[in-house]
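To be precise, the following lines are start_28.cif, and they hold mmCIF, C-alpha atoms.
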data_structure
loop_
_atom_site.group_PDB
_atom_site.id
_atom_site.type_symbol
_atom_site.label_atom_id
_atom_site.label_comp_id
_atom_site.auth_asym_id
_atom_site.auth_seq_id
_atom_site.Cartn_x
_atom_site.Cartn_y
_atom_site.Cartn_z
ATOM 1 C CA MET A 1 2.818 -103.481 285.374
ATOM 2 C CA GLU A 2 2.478 -107.145 286.306
ATOM 3 C CA PHE A 3 4.243 -109.515 283.921
ATOM 4 C CA ARG A 4 3.656 -113.211 283.550
ATOM 5 C CA SER A 5 5.954 -114.830 286.114
ATOM 6 C CA SER A 6 7.208 -117.401 283.601
ATOM 7 C CA ASP A 7 8.328 -114.652 281.215
ATOM 8 C CA VAL A 8 10.232 -112.941 284.033
ATOM 9 C CA MET A 9 11.833 -116.251 285.025
ATOM 10 C CA ALA A 10 12.837 -116.914 281.423
ATOM 11 C CA TYR A 11 14.591 -113.533 281.398
ATOM 12 C CA ILE A 12 16.368 -114.204 284.706
ATOM 13 C CA LEU A 13 17.715 -117.524 283.427
ATOM 14 C CA TYR A 14 18.730 -115.910 280.137
ATOM 15 C CA PHE A 15 20.490 -113.051 281.928
ATOM 16 C CA CYS A 16 22.364 -115.472 284.217
ATOM 17 C CA ARG A 17 23.574 -117.536 281.270
ATOM 18 C CA THR A 18 24.593 -114.606 279.046
ATOM 19 C CA THR A 19 26.236 -112.251 281.530
ATOM 20 C CA MET A 20 30.023 -112.365 281.646
ATOM 21 C CA PRO A 21 31.026 -114.179 283.663
ATOM 22 C CA ALA A 22 27.907 -116.339 283.653
ATOM 23 C CA ILE A 23 26.026 -116.743 286.916
ATOM 24 C CA SER A 24 25.638 -120.368 287.946
ATOM 25 C CA VAL A 25 21.958 -121.063 288.554
ATOM 26 C CA ASN A 26 19.752 -124.041 289.371
ATOM 27 C CA SER A 27 16.002 -124.178 289.936
ATOM 28 C CA THR A 28 16.210 -123.239 293.627
ATOM 29 C CA LYS A 29 18.537 -120.308 293.018
ATOM 30 C CA ALA A 30 16.391 -119.143 290.100
ATOM 31 C CA GLN A 31 13.361 -119.054 292.411
ATOM 32 C CA LYS A 32 15.254 -116.958 294.949
ATOM 33 C CA LEU A 33 16.482 -114.568 292.233
ATOM 34 C CA LEU A 34 12.910 -114.131 290.999
ATOM 35 C CA TYR A 35 11.845 -113.454 294.592
ATOM 36 C CA CYS A 36 14.629 -110.870 294.940
ATOM 37 C CA CYS A 37 13.601 -109.149 291.702
ATOM 38 C CA TYR A 38 9.963 -109.201 292.808
ATOM 39 C CA GLY A 39 10.938 -107.671 296.150
ATOM 40 C CA ALA A 40 13.256 -105.049 294.677
ATOM 41 C CA VAL A 41 10.639 -103.826 292.189
ATOM 42 C CA LEU A 42 7.977 -103.793 294.902
ATOM 43 C CA ALA A 43 10.255 -101.799 297.224
ATOM 44 C CA GLU A 44 11.401 -99.353 294.543
ATOM 45 C CA ARG A 45 8.172 -98.759 292.615
ATOM 46 C CA ASN A 46 5.452 -100.100 294.927
ATOM 47 C CA GLU A 47 4.306 -102.260 292.003
ATOM 48 C CA ARG A 48 4.220 -106.011 291.599
ATOM 49 C CA LEU A 49 6.605 -107.390 288.987
ATOM 50 C CA THR A 50 4.660 -110.588 288.381
ATOM 51 C CA ASP A 51 1.093 -111.763 288.171
ATOM 52 C CA GLU A 52 1.925 -114.499 290.672
ATOM 53 C CA HIS A 53 2.688 -114.111 294.387
ATOM 54 C CA PRO A 54 5.615 -115.985 295.924
ATOM 55 C CA LYS A 55 4.471 -118.828 298.179
ATOM 56 C CA ALA A 56 6.010 -119.970 301.476
ATOM 57 C CA TRP A 57 7.375 -123.347 300.446
ATOM 58 C CA PRO A 58 9.747 -125.354 302.681
ATOM 59 C CA TYR A 59 12.980 -124.117 301.031
ATOM 60 C CA GLY A 60 11.859 -120.515 300.845
ATOM 61 C CA PRO A 61 9.754 -118.377 298.529
ATOM 62 C CA VAL A 62 8.654 -120.129 295.335
ATOM 63 C CA PHE A 63 6.549 -119.071 292.360
ATOM 64 C CA PRO A 64 4.659 -122.325 291.646
ATOM 65 C CA ARG A 65 3.948 -121.670 287.952
ATOM 66 C CA THR A 66 7.593 -120.970 287.217
ATOM 67 C CA PHE A 67 8.630 -123.993 289.288
ATOM 68 C CA ASN A 68 6.517 -126.206 287.032
ATOM 69 C CA ASP A 69 7.674 -124.441 283.867
ATOM 70 C CA ILE A 70 11.345 -124.933 284.770
ATOM 71 C CA ASN A 71 10.817 -128.614 285.554
ATOM 72 C CA LYS A 72 8.895 -129.178 282.317
ATOM 73 C CA HIS A 73 11.383 -127.149 280.225
ATOM 74 C CA ARG A 74 8.728 -124.672 279.069
ATOM 75 C CA LEU A 75 10.832 -121.510 279.334
ATOM 76 C CA THR A 76 12.338 -120.198 276.100
ATOM 77 C CA VAL A 77 14.768 -117.561 274.904
ATOM 78 C CA GLY A 78 11.851 -116.064 272.970
ATOM 79 C CA MET A 79 9.981 -115.521 276.236
ATOM 80 C CA ALA A 80 13.069 -113.833 277.712
ATOM 81 C CA VAL A 81 13.527 -111.526 274.717
ATOM 82 C CA SER A 82 9.832 -110.648 274.640
ATOM 83 C CA PHE A 83 9.934 -109.738 278.338
ATOM 84 C CA LYS A 84 13.105 -107.680 277.863
ATOM 85 C CA ASP A 85 11.521 -105.762 274.990
ATOM 86 C CA SER A 86 8.325 -105.002 276.934
ATOM 87 C CA CYS A 87 9.830 -104.225 280.345
ATOM 88 C CA PRO A 88 10.446 -100.549 281.224
ATOM 89 C CA PRO A 89 14.210 -99.846 281.046
ATOM 90 C CA ASP A 90 14.434 -98.687 284.679
ATOM 91 C CA VAL A 91 12.771 -101.894 285.881
ATOM 92 C CA LEU A 92 15.062 -103.998 283.703
ATOM 93 C CA ASP A 93 18.099 -102.158 285.098
ATOM 94 C CA LEU A 94 16.862 -102.727 288.660
ATOM 95 C CA MET A 95 16.348 -106.427 287.909
ATOM 96 C CA ASN A 96 19.817 -106.748 286.371
ATOM 97 C CA ARG A 97 21.387 -105.085 289.397
ATOM 98 C CA THR A 98 19.367 -107.326 291.713
ATOM 99 C CA ILE A 99 20.495 -110.467 289.878
ATOM 100 C CA LEU A 100 24.120 -109.307 290.009
ATOM 101 C CA ALA A 101 23.873 -108.463 293.720
ATOM 102 C CA PHE A 102 22.240 -111.738 294.787
ATOM 103 C CA GLY A 103 23.589 -113.992 292.020
ATOM 104 C CA ARG A 104 26.972 -114.301 293.741
ATOM 105 C CA TYR A 105 25.360 -116.451 296.452
ATOM 106 C CA THR A 106 24.558 -120.153 296.226
ATOM 107 C CA ALA A 107 21.067 -121.584 296.253
ATOM 108 C CA THR A 108 21.639 -122.791 299.819
ATOM 109 C CA GLN A 109 22.843 -119.377 300.985
ATOM 110 C CA LEU A 110 19.836 -117.665 299.396
ATOM 111 C CA SER A 111 17.443 -120.228 300.912
ATOM 112 C CA ASN A 112 18.966 -119.706 304.349
ATOM 113 C CA TRP A 113 18.788 -115.933 303.889
ATOM 114 C CA SER A 114 15.108 -116.128 302.906
ATOM 115 C CA HIS A 115 14.440 -118.034 306.168
ATOM 116 C CA MET A 116 15.894 -115.332 308.421
ATOM 117 C CA PRO A 117 13.801 -114.355 311.444
ATOM 118 C CA ASN A 118 11.335 -111.601 310.538
ATOM 119 C CA SER A 119 11.658 -112.292 306.809
ATOM 120 C CA PRO A 120 8.414 -112.318 304.791
ATOM 121 C CA TRP A 121 8.768 -116.101 304.425
ATOM 122 C CA SER A 122 9.113 -116.579 308.207
ATOM 123 C CA LYS A 123 5.920 -114.564 308.786
ATOM 124 C CA ALA A 124 3.799 -116.457 306.257
ATOM 125 C CA ASP A 125 1.748 -119.564 306.874
ATOM 126 C CA ALA A 126 3.176 -122.689 305.249
ATOM 127 C CA LEU A 127 2.373 -122.800 301.518
ATOM 128 C CA ALA A 128 0.504 -119.465 301.680
ATOM 129 C CA SER A 129 1.323 -116.372 299.652
ATOM 130 C CA LEU A 130 3.863 -113.998 301.162
ATOM 131 C CA ASP A 131 2.397 -110.659 302.163
ATOM 132 C CA ASP A 132 3.398 -107.934 299.675
ATOM 133 C CA ARG A 133 3.636 -105.349 302.453
ATOM 134 C CA GLU A 134 6.143 -107.536 304.319
ATOM 135 C CA VAL A 135 8.114 -108.104 301.095
ATOM 136 C CA TYR A 136 8.104 -104.349 300.419
ATOM 137 C CA LEU A 137 9.402 -103.507 303.909
ATOM 138 C CA PHE A 138 12.016 -106.280 303.840
ATOM 139 C CA PHE A 139 13.481 -105.306 300.472
ATOM 140 C CA ARG A 140 13.566 -101.572 301.177
ATOM 141 C CA ASN A 141 16.583 -102.344 303.360
ATOM 142 C CA TYR A 142 18.369 -104.002 300.421
ATOM 143 C CA LEU A 143 17.807 -101.275 297.797
ATOM 144 C CA PRO A 144 21.081 -99.444 298.579
ATOM 145 C CA VAL A 145 23.046 -102.678 298.056
ATOM 146 C CA ILE A 146 21.118 -103.513 294.890
ATOM 147 C CA LYS A 147 21.521 -100.033 293.454
ATOM 148 C CA GLY A 148 25.237 -100.228 294.180
ATOM 149 C CA ALA A 149 25.619 -103.362 292.059
ATOM 150 C CA ALA A 150 27.264 -102.759 288.693
ATOM 151 C CA ASN A 151 24.845 -102.430 285.830
ATOM 152 C CA GLY A 152 24.961 -104.924 282.976
ATOM 153 C CA THR A 153 27.340 -103.085 280.664
ATOM 154 C CA GLU A 154 29.763 -102.209 283.473
ATOM 155 C CA SER A 155 30.035 -105.859 284.514
ATOM 156 C CA GLY A 156 30.760 -107.136 281.024
ATOM 157 C CA GLN A 157 27.126 -107.953 280.316
ATOM 158 C CA SER A 158 26.612 -108.916 276.713
ATOM 159 C CA ALA A 159 24.994 -106.153 274.701
ATOM 160 C CA ASP A 160 22.038 -108.251 273.623
ATOM 161 C CA ALA A 161 20.989 -109.415 277.095
#

Please express the file's structure as structure tokens.
Amino acid sequence: MEFRSSDVMAYILYFCRTTMPAISVNSTKAQKLLYCCYGAVLAERNERLTDEHPKAWPYGPVFPRTFNDINKHRLTVGMAVSFKDSCPPDVLDLMNRTILAFGRYTATQLSNWSHMPNSPWSKADALASLDDREVYLFFRNYLPVIKGAANGTESGQSADA
């Protein structure tokens, strides 16, 4: 089921900007939200969400391709809509719940959280890919919280997002 990481990131940014109320997001927070979605899908379905592994960068997990695409303004609404249309509804719902659950935190809070002892980031070598098994085990603990987050329509999510 792996999707292009940039398409998933485009959707995350689109969702954050169109949900009501909007979720404030910068590049660092967007990276952490993508990491959370990646981890939630891996923990729930034992499948990778993206074709790119998160890397252990200094401020936490980062998807390098999406990092470059954000900085070079390459992500579009069309990419977000295309991803939304091709993503299985249960995965999209899980992602939306994940974004709502973790989107209330700041970029700094999410970076600090990703650096916790025994987190996948803390166990990875600098700049190396995070181990999917570690990500899976880490996020299994967060699934009850994620699943408890309101779904898009219950939170005032716009109908077209």

Would you kindly return, as number ranges by chain, each protein, DNA or RNA residue with an atom no farther than 12 Å from any atom of A:Cys87, considering all atoms listed in the file and excluding same-chain residues fewer than 4 positions away? A: 1-4, 7-8, 11, 41, 49-50, 80-83, 91-96

Evaluating the PyMOL selection byres ((chain A and resi 25) around 10) on the displayed file yields which residues, as a VMD selection string? chain A and resid 12 to 13 16 to 17 22 to 24 26 to 31 33 103 to 107

d(atom CA of A:Ala56, atom CA of A:Ala126) in Å: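 Computing the Euclidean distance for atom CA of A:Ala56 and atom CA of A:Ala126 yields 5.4 Å.
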
Centre, edges in Å (one decimal): axis-aligned box, stretch 77-96 of chain A, 5 Å padding on all six sides, as AutoDock Vina command-line options:
--center_x 14.1 --center_y -108.1 --center_z 280.8 --size_x 21.5 --size_y 28.9 --size_z 25.7

Atom pair atom CA of A:Pro117 + atom CA of A:Ile70, distance 28.8 Å

Report as a ChimeraX atom specification the residues that result from applying the PyMOL selection byres ((chain A and resi 6) around 8) to the structure here. /A:4-5,7-10,65-66,69,75

I'd like to see the residues matched by the PyMOL selection byres ((chain A and resi 144) around 12) on this file, and ideally I'd get them as a list of chain:residue names.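 This file gives the following for the PyMOL selection byres ((chain A and resi 144) around 12): A:Ala40, A:Ala43, A:Glu44, A:Leu94, A:Arg97, A:Thr98, A:Ala101, A:Phe139, A:Arg140, A:Asn141, A:Tyr142, A:Leu143, A:Val145, A:Ile146, A:Lys147, A:Gly148, A:Ala149.
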
Which distance in Å separates atom CA of A:Gly39 and atom CA of A:Arg133, to one decimal?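 Distance between the two atoms: 9.9 Å.
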
For each of A:Ala124, A:Leu137, A:Met79, A:Leu100, take the minimum atom-to-atom distance to A:Met20, counting all atoms listed in the file, then give the residue where this is smallest.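 Looking only at the distances to A:Met20, the closest residue turns out to be A:Leu100.
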
Shortest interatomic distance to A:Asp131 - which of A:Pro54, A:Tyr35, A:Phe63, A:Leu110, counting all atoms listed in the file: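 Of A:Pro54, A:Tyr35, A:Phe63, A:Leu110, the one nearest A:Asp131 is A:Pro54, counting all atoms listed in the file.
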
Of the candidates A:Pro89, A:Phe102, A:Phe67, A:Ser114, which one gets nearest to A:Leu130 if we count only C-alpha atoms?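 Of A:Pro89, A:Phe102, A:Phe67, A:Ser114, the one nearest A:Leu130, counting only C-alpha atoms, is A:Ser114.
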
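In terms of minimum interatomic distance to A:Tyr38, A:Ile99 ranks closest within A:Ile99, A:Ala128, A:Gly60, A:Thr108, counting all atoms listed in the file.
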
If you count only C-alpha atoms, the residue of A:Ser129, A:Asn71, A:Val77, A:Ser122 closest to A:Thr18 turns out to be A:Val77
